[in-house]
Structure formats: structure tokens, C-alpha cells
Amino acid sequence: MNEIGLRERKRRRMYETVSEVAIRLFVEKGFDAVSVAEVAAAAEISKPTLFRYFPAKEDLVLYRIADHEDETARVVAGRAEGESVVGAVREHFLAGLARRDPVTGLNDHPNVLAFHRLVYGTPSLVARLYGHLERAEEALAEVLGGGLDARVAAGQIVAVRRVLAEENWRRMERGDALEEVERDAVAAAERVFGRLEKALPLGAAG
């Protein structure tokens with residue numbers, strides 16, 4: 001068991017190290033200007049080894065948010081008894097805003113802004129990001145029971161989170177004051193999730 005745990009920790013460290021090296025190079029030189037071979041050399045691994053961990057160049061960047069892929073599904077599955085689906089997601093998003101979680105867009109650290117600039121400024125990464133969102137929808141729809149209504153509800157919930165986060169990031173990128181953006185972000189989340197909770201079918205709302 002300990003040996004398995006050690007292997008898993010080493011594997012995760014490899015993912016994290018190579019991803020961070022790649023992101024640093026991409027931010028410095030541009031995504032298209034850096035080859036996979038350059039990333040492998042900087043990470044001191046072979047190119048075949050890199051591809052065993054990251055099948056596509058875009059995965060080197062999006063690994064940083066990979067653990068968020070099923071986050072909404074986990075939040076909904078673990079919600080308190082009597083708590084609605086949208087209510088649970090809303091509270092989780094508000095908690096993320098409060099701790100300046102980069103995934104909410106409400107973070108003005110230069111490294112976070114540079115990462116978002118890299119993702120949203122690179123067409124192939126934007127396209128890959130939509131795959132991430134589709135998988136997030138699929139995971140949530142499964143928790144909601146599957147079927148068309150569940151898929152529609154999951155699509156709406158994931159879209160609301162995405163749009164709110166993108167709006168926060170755009171304002172951070174524009175240089176708006178963090179405290180002002182946070183105030184507006186909290187109000188927007190309360191307002192939009194409140195509307196969504198009324199609009200979704202009762203079966204999807206828990």
C-alpha cells in the first residue's frame with residue numbers, strides 16, 4: 001500500500017513539475033513558439049516520456065485545472081440533506097470568491113493573470129478548454145440522474161460558473177480594483193444563481 005502511495009505521489013510530482021515548466025515557457029515565449037521537445041529538455045525528460053504523461057501539447061497547460069473537471073459534480077453529490085443542487089453550487093462558488101480561488105477568475109496575482117491570458121489568448125487551448133467543460137457537464141449530469149433534463153440542467157449550471165468566472169477575469173485583466181470586482185462578483189453570483197434555481201426543473205433542483 002505504501003509502495004503504491006509512493007508511486008502515485010511521484011507520478012503526481014512529475015505531472016506538476018512538467019506542467020509548471022511548460023507553462024513558464026509558454027508564458028515567456030508564447031504557446032506556438034515553444035515546441036514539445038523544448039519543454040521535455042527543460043524538464044529534463046525525454047520527449048516520449050513527456051507524451052506518456054501528456055498526450056497533447058495543450059494538456060501541459062490544462063493539467064493545472066484538471067482537478068476542477070468533476071468539481072461541480074462532487075459538490076452536488078456531497079451537498080447537505082435538503083440543500084438544492086443550484087444552492088450547493090452557488091455556495092461553493094461564493095466560497096471560492098472569498099478565498100480568491102483562481103478558478104473563479106477573482107485573483108489578481110501576476111502568475112494567475114498570465115495563466116488566464118495564455119489560455120484565453122491561444123485558440124487551441126480555448127478549444128481544448130471546451131472539452132474540459134463538456135466533461136464537467138457529463139459528470140454533473142450523471143450525478144443528477146442522467147437523461148435529457150439532467151444534461152440540460154448540467155449545461156446551464158456549468159455555463160453560469162464559466163461566464164461568471166470569465167467576467168471576473170476580464171475585469172482583473174483590465175486592472176479593476178479587486179475589492180470592487182469582488183463586491184460585484186458576489187452580487188452577480190447571488191443574482192444569477194438565484195434566477196437559475198427558479199428556472200431549473202424541480203427534479204434537477206433536488
# chains A, B, ... in the order shown; residues from 1 in each chain; ligands from 1
call {"tool": "select_by_dssp", "arguments": {"residues": "stretch 19-54 of chain A", "states": "alpha helix (DSSP H)", "output": "short mmCIF file (atom, residue, chain, number, x, y, z; two decimals) with all heavy atoms, in the first residue's frame"}}
result
data_model
loop_
_atom_site.label_atom_id
_atom_site.label_comp_id
_atom_site.auth_asym_id
_atom_site.auth_seq_id
_atom_site.Cartn_x
_atom_site.Cartn_y
_atom_site.Cartn_z
N SER A 19 4.27 20.25 -16.06
CA SER A 19 3.26 21.24 -16.40
C SER A 19 3.73 22.65 -16.05
O SER A 19 3.59 23.58 -16.85
CB SER A 19 1.95 20.93 -15.67
OG SER A 19 0.99 21.94 -15.92
N GLU A 20 4.33 22.81 -14.87
CA GLU A 20 4.80 24.14 -14.46
C GLU A 20 5.94 24.64 -15.34
O GLU A 20 5.99 25.82 -15.70
CB GLU A 20 5.24 24.11 -12.99
CG GLU A 20 4.09 23.96 -12.00
CD GLU A 20 3.03 25.03 -12.17
OE1 GLU A 20 3.39 26.22 -12.33
OE2 GLU A 20 1.83 24.68 -12.16
N VAL A 21 6.84 23.73 -15.70
CA VAL A 21 7.93 24.10 -16.62
C VAL A 21 7.35 24.57 -17.96
O VAL A 21 7.77 25.60 -18.51
CB VAL A 21 8.89 22.91 -16.84
CG1 VAL A 21 9.82 23.18 -18.02
CG2 VAL A 21 9.70 22.64 -15.58
N ALA A 22 6.38 23.80 -18.47
CA ALA A 22 5.77 24.14 -19.76
C ALA A 22 5.06 25.49 -19.70
O ALA A 22 5.23 26.33 -20.60
CB ALA A 22 4.79 23.04 -20.16
N ILE A 23 4.27 25.70 -18.66
CA ILE A 23 3.52 26.96 -18.54
C ILE A 23 4.48 28.15 -18.48
O ILE A 23 4.25 29.19 -19.11
CB ILE A 23 2.60 26.92 -17.31
CG1 ILE A 23 1.44 25.94 -17.57
CG2 ILE A 23 2.05 28.31 -16.99
CD1 ILE A 23 0.61 25.62 -16.34
N ARG A 24 5.56 27.98 -17.74
CA ARG A 24 6.54 29.07 -17.64
C ARG A 24 7.11 29.41 -19.02
O ARG A 24 7.20 30.59 -19.39
CB ARG A 24 7.67 28.68 -16.69
CG ARG A 24 8.80 29.71 -16.60
CD ARG A 24 9.82 29.33 -15.55
NE ARG A 24 10.33 27.98 -15.69
CZ ARG A 24 11.24 27.62 -16.60
NH1 ARG A 24 11.75 28.52 -17.44
NH2 ARG A 24 11.67 26.37 -16.66
N LEU A 25 7.46 28.39 -19.79
CA LEU A 25 7.99 28.62 -21.14
C LEU A 25 6.95 29.24 -22.06
O LEU A 25 7.25 30.16 -22.84
CB LEU A 25 8.50 27.31 -21.73
CG LEU A 25 9.77 26.72 -21.11
CD1 LEU A 25 10.03 25.33 -21.67
CD2 LEU A 25 10.97 27.64 -21.39
N PHE A 26 5.73 28.74 -21.98
CA PHE A 26 4.66 29.25 -22.85
C PHE A 26 4.35 30.72 -22.53
O PHE A 26 4.08 31.52 -23.43
CB PHE A 26 3.40 28.41 -22.69
CG PHE A 26 3.53 26.98 -23.16
CD1 PHE A 26 2.77 25.97 -22.58
CD2 PHE A 26 4.39 26.65 -24.18
CE1 PHE A 26 2.88 24.66 -23.01
CE2 PHE A 26 4.52 25.34 -24.63
CZ PHE A 26 3.75 24.33 -24.03
N VAL A 27 4.34 31.06 -21.25
CA VAL A 27 4.07 32.45 -20.85
C VAL A 27 5.20 33.36 -21.33
O VAL A 27 4.95 34.47 -21.81
CB VAL A 27 3.91 32.55 -19.31
CG1 VAL A 27 3.96 34.01 -18.85
CG2 VAL A 27 2.60 31.91 -18.88
N GLU A 28 6.44 32.88 -21.23
CA GLU A 28 7.60 33.70 -21.63
C GLU A 28 7.69 33.90 -23.14
O GLU A 28 7.95 35.00 -23.62
CB GLU A 28 8.89 33.03 -21.15
CG GLU A 28 9.12 33.10 -19.65
CD GLU A 28 10.36 32.32 -19.23
OE1 GLU A 28 11.04 31.74 -20.12
OE2 GLU A 28 10.65 32.28 -18.03
N LYS A 29 7.42 32.81 -23.91
CA LYS A 29 7.70 32.85 -25.35
C LYS A 29 6.46 32.73 -26.24
O LYS A 29 6.54 33.00 -27.44
CB LYS A 29 8.67 31.71 -25.71
CG LYS A 29 9.98 31.76 -24.96
CD LYS A 29 10.87 30.59 -25.36
CE LYS A 29 12.19 30.60 -24.63
NZ LYS A 29 13.07 29.46 -25.03
N VAL A 36 7.30 20.92 -28.06
CA VAL A 36 7.23 19.91 -27.02
C VAL A 36 8.64 19.43 -26.67
O VAL A 36 8.95 19.15 -25.50
CB VAL A 36 6.35 18.72 -27.47
CG1 VAL A 36 6.45 17.56 -26.49
CG2 VAL A 36 4.91 19.16 -27.62
N ALA A 37 9.52 19.36 -27.66
CA ALA A 37 10.90 18.96 -27.42
C ALA A 37 11.60 19.93 -26.48
O ALA A 37 12.38 19.51 -25.60
CB ALA A 37 11.66 18.88 -28.74
N GLU A 38 11.33 21.23 -26.63
CA GLU A 38 11.91 22.23 -25.73
C GLU A 38 11.42 22.04 -24.30
O GLU A 38 12.19 22.18 -23.34
CB GLU A 38 11.55 23.64 -26.20
CG GLU A 38 12.29 24.12 -27.42
CD GLU A 38 11.86 25.52 -27.82
OE1 GLU A 38 12.26 26.47 -27.13
OE2 GLU A 38 11.09 25.65 -28.79
N VAL A 39 10.13 21.75 -24.16
CA VAL A 39 9.57 21.52 -22.83
C VAL A 39 10.23 20.30 -22.19
O VAL A 39 10.63 20.32 -21.03
CB VAL A 39 8.04 21.32 -22.89
CG1 VAL A 39 7.50 20.94 -21.51
CG2 VAL A 39 7.35 22.57 -23.41
N ALA A 40 10.35 19.22 -22.96
CA ALA A 40 10.96 17.99 -22.45
C ALA A 40 12.40 18.26 -22.00
O ALA A 40 12.82 17.80 -20.93
CB ALA A 40 10.92 16.91 -23.52
N ALA A 41 13.13 19.01 -22.81
CA ALA A 41 14.53 19.31 -22.46
C ALA A 41 14.61 20.14 -21.19
O ALA A 41 15.44 19.88 -20.31
CB ALA A 41 15.20 20.05 -23.62
N ALA A 42 13.73 21.13 -21.06
CA ALA A 42 13.73 21.98 -19.87
C ALA A 42 13.33 21.21 -18.62
O ALA A 42 13.81 21.50 -17.51
CB ALA A 42 12.78 23.17 -20.07
N ALA A 43 12.46 20.21 -18.80
CA ALA A 43 12.02 19.38 -17.67
C ALA A 43 12.96 18.21 -17.42
O ALA A 43 12.76 17.44 -16.48
CB ALA A 43 10.61 18.86 -17.93
N LYS A 47 11.29 13.19 -24.79
CA LYS A 47 10.03 13.54 -25.44
C LYS A 47 9.02 12.39 -25.33
O LYS A 47 7.84 12.64 -25.02
CB LYS A 47 10.29 13.90 -26.90
CG LYS A 47 9.10 14.50 -27.63
CD LYS A 47 9.52 14.96 -29.02
CE LYS A 47 8.33 15.42 -29.84
NZ LYS A 47 8.74 15.84 -31.20
N PRO A 48 9.42 11.12 -25.56
CA PRO A 48 8.45 10.02 -25.38
C PRO A 48 7.90 9.94 -23.97
O PRO A 48 6.72 9.65 -23.77
CB PRO A 48 9.28 8.77 -25.72
CG PRO A 48 10.34 9.27 -26.65
CD PRO A 48 10.69 10.62 -26.14
N THR A 49 8.76 10.22 -22.98
CA THR A 49 8.28 10.21 -21.59
C THR A 49 7.25 11.30 -21.37
O THR A 49 6.21 11.09 -20.73
CB THR A 49 9.45 10.41 -20.60
OG1 THR A 49 10.36 9.32 -20.73
CG2 THR A 49 8.95 10.49 -19.17
N LEU A 50 7.51 12.49 -21.92
CA LEU A 50 6.55 13.58 -21.79
C LEU A 50 5.20 13.19 -22.37
O LEU A 50 4.16 13.43 -21.75
CB LEU A 50 7.10 14.83 -22.49
CG LEU A 50 6.24 16.11 -22.34
CD1 LEU A 50 7.12 17.35 -22.35
CD2 LEU A 50 5.22 16.23 -23.49
N PHE A 51 5.21 12.56 -23.54
CA PHE A 51 3.95 12.20 -24.19
C PHE A 51 3.21 11.08 -23.43
O PHE A 51 2.01 10.93 -23.58
CB PHE A 51 4.19 11.80 -25.64
CG PHE A 51 4.24 12.97 -26.59
CD1 PHE A 51 5.36 13.18 -27.40
CD2 PHE A 51 3.18 13.86 -26.66
CE1 PHE A 51 5.41 14.26 -28.27
CE2 PHE A 51 3.23 14.95 -27.53
CZ PHE A 51 4.34 15.15 -28.32
N ARG A 52 3.95 10.31 -22.64
CA ARG A 52 3.26 9.31 -21.82
C ARG A 52 2.41 9.99 -20.75
O ARG A 52 1.36 9.48 -20.35
CB ARG A 52 4.28 8.38 -21.15
CG ARG A 52 4.79 7.28 -22.07
CD ARG A 52 5.29 6.09 -21.29
NE ARG A 52 6.39 6.42 -20.39
CZ ARG A 52 7.67 6.42 -20.76
NH1 ARG A 52 8.00 6.12 -22.02
NH2 ARG A 52 8.61 6.70 -19.90
N TYR A 53 2.85 11.14 -20.30
CA TYR A 53 2.11 11.88 -19.28
C TYR A 53 1.10 12.85 -19.90
O TYR A 53 0.01 13.05 -19.37
CB TYR A 53 3.08 12.66 -18.39
CG TYR A 53 3.82 11.81 -17.39
CD1 TYR A 53 5.04 11.20 -17.73
CD2 TYR A 53 3.32 11.59 -16.12
CE1 TYR A 53 5.72 10.40 -16.82
CE2 TYR A 53 3.99 10.80 -15.20
CZ TYR A 53 5.19 10.21 -15.55
OH TYR A 53 5.85 9.41 -14.64
#
call {"tool": "residues_around", "arguments": {"residues": "stretch 145-156 of chain A", "least_positions_apart": "3", "cutoff": "8 Å", "atoms": "only C-alpha atoms", "output": "list in words"}}
result
Glu137, Glu138, Leu140, Ala141, Glu142, Ala159, Val160, Leu196, Leu200, Pro201 and Ala204 of chain A
call {"tool": "residues_around", "arguments": {"residues": "A:Arg161", "least_positions_apart": "5", "cutoff": "9 Å", "atoms": "only C-alpha atoms", "output": "ChimeraX atom specification"}}
result
/A:89-90,93,104,156,166,189
call {"tool": "write_last_selection", "arguments": {"atoms": "all heavy atoms", "output": "PDB file, in the first residue's frame"}}
result
ATOM      1  N   VAL A  89     -24.077  24.630  -5.460  1.00  0.00           N
ATOM      2  CA  VAL A  89     -23.081  25.168  -6.399  1.00  0.00           C
ATOM      3  C   VAL A  89     -22.851  26.652  -6.128  1.00  0.00           C
ATOM      4  O   VAL A  89     -21.711  27.138  -6.152  1.00  0.00           O
ATOM      5  CB  VAL A  89     -23.528  24.949  -7.858  1.00  0.00           C
ATOM      6  CG1 VAL A  89     -22.536  25.588  -8.830  1.00  0.00           C
ATOM      7  CG2 VAL A  89     -23.671  23.460  -8.161  1.00  0.00           C
ATOM      8  N   ARG A  90     -23.928  27.366  -5.837  1.00  0.00           N
ATOM      9  CA  ARG A  90     -23.799  28.803  -5.526  1.00  0.00           C
ATOM     10  C   ARG A  90     -22.917  29.020  -4.301  1.00  0.00           C
ATOM     11  O   ARG A  90     -22.002  29.856  -4.322  1.00  0.00           O
ATOM     12  CB  ARG A  90     -25.180  29.412  -5.278  1.00  0.00           C
ATOM     13  CG  ARG A  90     -25.124  30.906  -4.891  1.00  0.00           C
ATOM     14  CD  ARG A  90     -26.508  31.469  -4.635  1.00  0.00           C
ATOM     15  NE  ARG A  90     -27.161  30.780  -3.533  1.00  0.00           N
ATOM     16  CZ  ARG A  90     -28.334  30.151  -3.643  1.00  0.00           C
ATOM     17  NH1 ARG A  90     -28.978  30.128  -4.787  1.00  0.00           N
ATOM     18  NH2 ARG A  90     -28.864  29.560  -2.589  1.00  0.00           N
ATOM     19  N   PHE A  93     -19.314  28.351  -5.108  1.00  0.00           N
ATOM     20  CA  PHE A  93     -18.722  29.422  -5.914  1.00  0.00           C
ATOM     21  C   PHE A  93     -18.438  30.648  -5.044  1.00  0.00           C
ATOM     22  O   PHE A  93     -17.377  31.270  -5.155  1.00  0.00           O
ATOM     23  CB  PHE A  93     -19.659  29.792  -7.065  1.00  0.00           C
ATOM     24  CG  PHE A  93     -19.032  30.699  -8.085  1.00  0.00           C
ATOM     25  CD1 PHE A  93     -18.213  30.196  -9.085  1.00  0.00           C
ATOM     26  CD2 PHE A  93     -19.273  32.068  -8.054  1.00  0.00           C
ATOM     27  CE1 PHE A  93     -17.621  31.034 -10.023  1.00  0.00           C
ATOM     28  CE2 PHE A  93     -18.694  32.916  -8.992  1.00  0.00           C
ATOM     29  CZ  PHE A  93     -17.863  32.400  -9.971  1.00  0.00           C
ATOM     30  N   THR A 104     -12.305  30.965 -10.047  1.00  0.00           N
ATOM     31  CA  THR A 104     -13.434  31.898 -10.074  1.00  0.00           C
ATOM     32  C   THR A 104     -13.114  33.162 -10.867  1.00  0.00           C
ATOM     33  O   THR A 104     -13.988  33.999 -11.076  1.00  0.00           O
ATOM     34  CB  THR A 104     -13.841  32.334  -8.650  1.00  0.00           C
ATOM     35  OG1 THR A 104     -12.778  33.128  -8.079  1.00  0.00           O
ATOM     36  CG2 THR A 104     -14.144  31.140  -7.758  1.00  0.00           C
ATOM     37  N   GLN A 156     -26.518  24.242 -18.075  1.00  0.00           N
ATOM     38  CA  GLN A 156     -26.813  25.584 -17.566  1.00  0.00           C
ATOM     39  C   GLN A 156     -25.936  25.930 -16.369  1.00  0.00           C
ATOM     40  O   GLN A 156     -25.399  27.043 -16.268  1.00  0.00           O
ATOM     41  CB  GLN A 156     -28.289  25.675 -17.179  1.00  0.00           C
ATOM     42  CG  GLN A 156     -29.245  25.656 -18.364  1.00  0.00           C
ATOM     43  CD  GLN A 156     -30.690  25.654 -17.907  1.00  0.00           C
ATOM     44  OE1 GLN A 156     -31.194  24.657 -17.415  1.00  0.00           O
ATOM     45  NE2 GLN A 156     -31.345  26.777 -18.055  1.00  0.00           N
ATOM     46  N   GLU A 166     -15.292  34.082 -16.146  1.00  0.00           N
ATOM     47  CA  GLU A 166     -14.670  34.833 -17.244  1.00  0.00           C
ATOM     48  C   GLU A 166     -14.866  36.333 -17.070  1.00  0.00           C
ATOM     49  O   GLU A 166     -13.958  37.120 -17.347  1.00  0.00           O
ATOM     50  CB  GLU A 166     -15.245  34.376 -18.581  1.00  0.00           C
ATOM     51  CG  GLU A 166     -14.717  33.026 -19.047  1.00  0.00           C
ATOM     52  CD  GLU A 166     -15.227  32.641 -20.425  1.00  0.00           C
ATOM     53  OE1 GLU A 166     -15.878  33.485 -21.071  1.00  0.00           O
ATOM     54  OE2 GLU A 166     -14.982  31.500 -20.853  1.00  0.00           O
ATOM     55  N   ALA A 189     -23.205  36.568  -8.628  1.00  0.00           N
ATOM     56  CA  ALA A 189     -23.398  35.144  -8.351  1.00  0.00           C
ATOM     57  C   ALA A 189     -24.714  34.901  -7.628  1.00  0.00           C
ATOM     58  O   ALA A 189     -25.460  33.977  -7.966  1.00  0.00           O
ATOM     59  CB  ALA A 189     -22.225  34.611  -7.520  1.00  0.00           C
TER      60      ALA A 189
END
call {"tool": "residues_around", "arguments": {"residues": "A:Arg100", "least_positions_apart": "6", "cutoff": "10 Å", "atoms": "only C-alpha atoms", "output": "PyMOL selection string"}}
result
chain A and resi 94+106-109+178+182
call {"tool": "closest_residue", "arguments": {"among": "A:Glu69, A:Glu58, A:Glu197, A:Asp184", "to": "A:Ile157", "atoms": "only C-alpha atoms"}}
result
A:Glu197
call {"tool": "closest_residue", "arguments": {"among": "A:Val158, A:Ala77, A:Ala66, A:Met172", "to": "A:Val112", "atoms": "only C-alpha atoms"}}
result
A:Met172
call {"tool": "atom_distance", "arguments": {"atom1": "atom CA of A:Asn168", "atom2": "atom CA of A:Ala185"}}
result
6.8 Å
call {"tool": "closest_residue", "arguments": {"among": "A:Gly121, A:Arg183, A:Gly105, A:Arg128", "to": "A:Arg171", "atoms": "only C-alpha atoms"}}
result
A:Gly105
call {"tool": "residues_around", "arguments": {"residues": "A:Arg79", "least_positions_apart": "2", "cutoff": "12 Å", "atoms": "only C-alpha atoms", "output": "CSV table (one decimal) with N, CA, C and O atoms, in the first residue's frame"}}
result
chain,number,residue,atom,x,y,z
A,72,THR,N,-17.8,20.4,-9.7
A,72,THR,CA,-19.2,20.7,-9.6
A,72,THR,C,-20.0,19.4,-9.3
A,72,THR,O,-20.9,19.4,-8.4
A,73,ALA,N,-19.7,18.3,-9.9
A,73,ALA,CA,-20.4,17.0,-9.7
A,73,ALA,C,-20.1,16.6,-8.2
A,73,ALA,O,-21.0,16.1,-7.6
A,74,ARG,N,-18.9,16.8,-7.8
A,74,ARG,CA,-18.6,16.4,-6.4
A,74,ARG,C,-19.3,17.2,-5.4
A,74,ARG,O,-19.8,16.7,-4.3
A,75,VAL,N,-19.4,18.5,-5.7
A,75,VAL,CA,-20.1,19.4,-4.8
A,75,VAL,C,-21.6,19.0,-4.7
A,75,VAL,O,-22.2,19.0,-3.6
A,76,VAL,N,-22.2,18.8,-5.8
A,76,VAL,CA,-23.6,18.4,-5.8
A,76,VAL,C,-23.9,17.0,-5.2
A,76,VAL,O,-24.8,16.9,-4.4
A,77,ALA,N,-23.0,16.1,-5.4
A,77,ALA,CA,-23.1,14.8,-4.8
A,77,ALA,C,-23.0,14.8,-3.3
A,77,ALA,O,-23.6,14.0,-2.6
A,81,GLU,N,-28.3,17.4,3.2
A,81,GLU,CA,-29.6,17.0,3.0
A,81,GLU,C,-30.6,18.2,3.0
A,81,GLU,O,-30.5,19.1,3.8
A,82,GLY,N,-31.4,18.2,2.0
A,82,GLY,CA,-32.4,19.3,1.8
A,82,GLY,C,-31.8,20.5,1.0
A,82,GLY,O,-32.6,21.4,0.7
A,83,GLU,N,-30.5,20.5,0.8
A,83,GLU,CA,-29.9,21.6,0.0
A,83,GLU,C,-30.1,21.4,-1.5
A,83,GLU,O,-30.0,20.2,-2.0
A,84,SER,N,-30.5,22.4,-2.2
A,84,SER,CA,-30.8,22.2,-3.6
A,84,SER,C,-29.4,22.1,-4.4
A,84,SER,O,-28.4,22.5,-3.9
A,85,VAL,N,-29.5,21.6,-5.6
A,85,VAL,CA,-28.3,21.5,-6.5
A,85,VAL,C,-27.7,22.9,-6.7
A,85,VAL,O,-26.5,23.1,-6.5
A,86,VAL,N,-28.6,23.8,-7.2
A,86,VAL,CA,-28.0,25.1,-7.5
A,86,VAL,C,-27.6,25.8,-6.3
A,86,VAL,O,-26.5,26.5,-6.3
A,87,GLY,N,-28.3,25.7,-5.2
A,87,GLY,CA,-27.9,26.3,-3.9
A,87,GLY,C,-26.5,25.8,-3.5
A,87,GLY,O,-25.6,26.6,-3.0
A,88,ALA,N,-26.2,24.5,-3.6
A,88,ALA,CA,-24.9,24.0,-3.3
A,88,ALA,C,-23.8,24.5,-4.2
A,88,ALA,O,-22.7,24.9,-3.7
A,89,VAL,N,-24.1,24.6,-5.5
A,89,VAL,CA,-23.1,25.2,-6.4
A,89,VAL,C,-22.9,26.7,-6.1
A,89,VAL,O,-21.7,27.1,-6.2
A,90,ARG,N,-23.9,27.4,-5.8
A,90,ARG,CA,-23.8,28.8,-5.5
A,90,ARG,C,-22.9,29.0,-4.3
A,90,ARG,O,-22.0,29.9,-4.3
A,91,GLU,N,-23.2,28.3,-3.2
A,91,GLU,CA,-22.4,28.5,-2.0
A,91,GLU,C,-20.9,28.1,-2.2
A,91,GLU,O,-20.0,28.7,-1.7
A,92,HIS,N,-20.7,27.1,-3.0
A,92,HIS,CA,-19.3,26.7,-3.4
A,92,HIS,C,-18.6,27.8,-4.2
A,92,HIS,O,-17.4,28.1,-3.9
A,143,VAL,N,-24.6,12.7,-12.0
A,143,VAL,CA,-25.0,12.9,-10.6
A,143,VAL,C,-26.4,13.3,-10.5
A,143,VAL,O,-27.2,12.8,-9.6
A,205,ALA,N,-33.3,20.2,-9.3
A,205,ALA,CA,-33.0,21.1,-8.2
A,205,ALA,C,-32.9,20.3,-6.9
A,205,ALA,O,-32.6,20.9,-5.8
A,206,GLY,N,-33.2,19.1,-6.9
A,206,GLY,CA,-33.1,18.3,-5.6
A,206,GLY,C,-34.3,18.2,-4.9
A,206,GLY,O,-35.3,18.7,-5.1
call {"tool": "closest_residue", "arguments": {"among": "A:Val163, A:Leu62, A:Arg11, A:Asp70", "to": "A:Arg135", "atoms": "only C-alpha atoms"}}
result
A:Asp70
call {"tool": "closest_residue", "arguments": {"among": "A:Ala56, A:Val119, A:Ala98, A:Leu164", "to": "A:Phe193", "atoms": "only C-alpha atoms"}}
result
A:Leu164
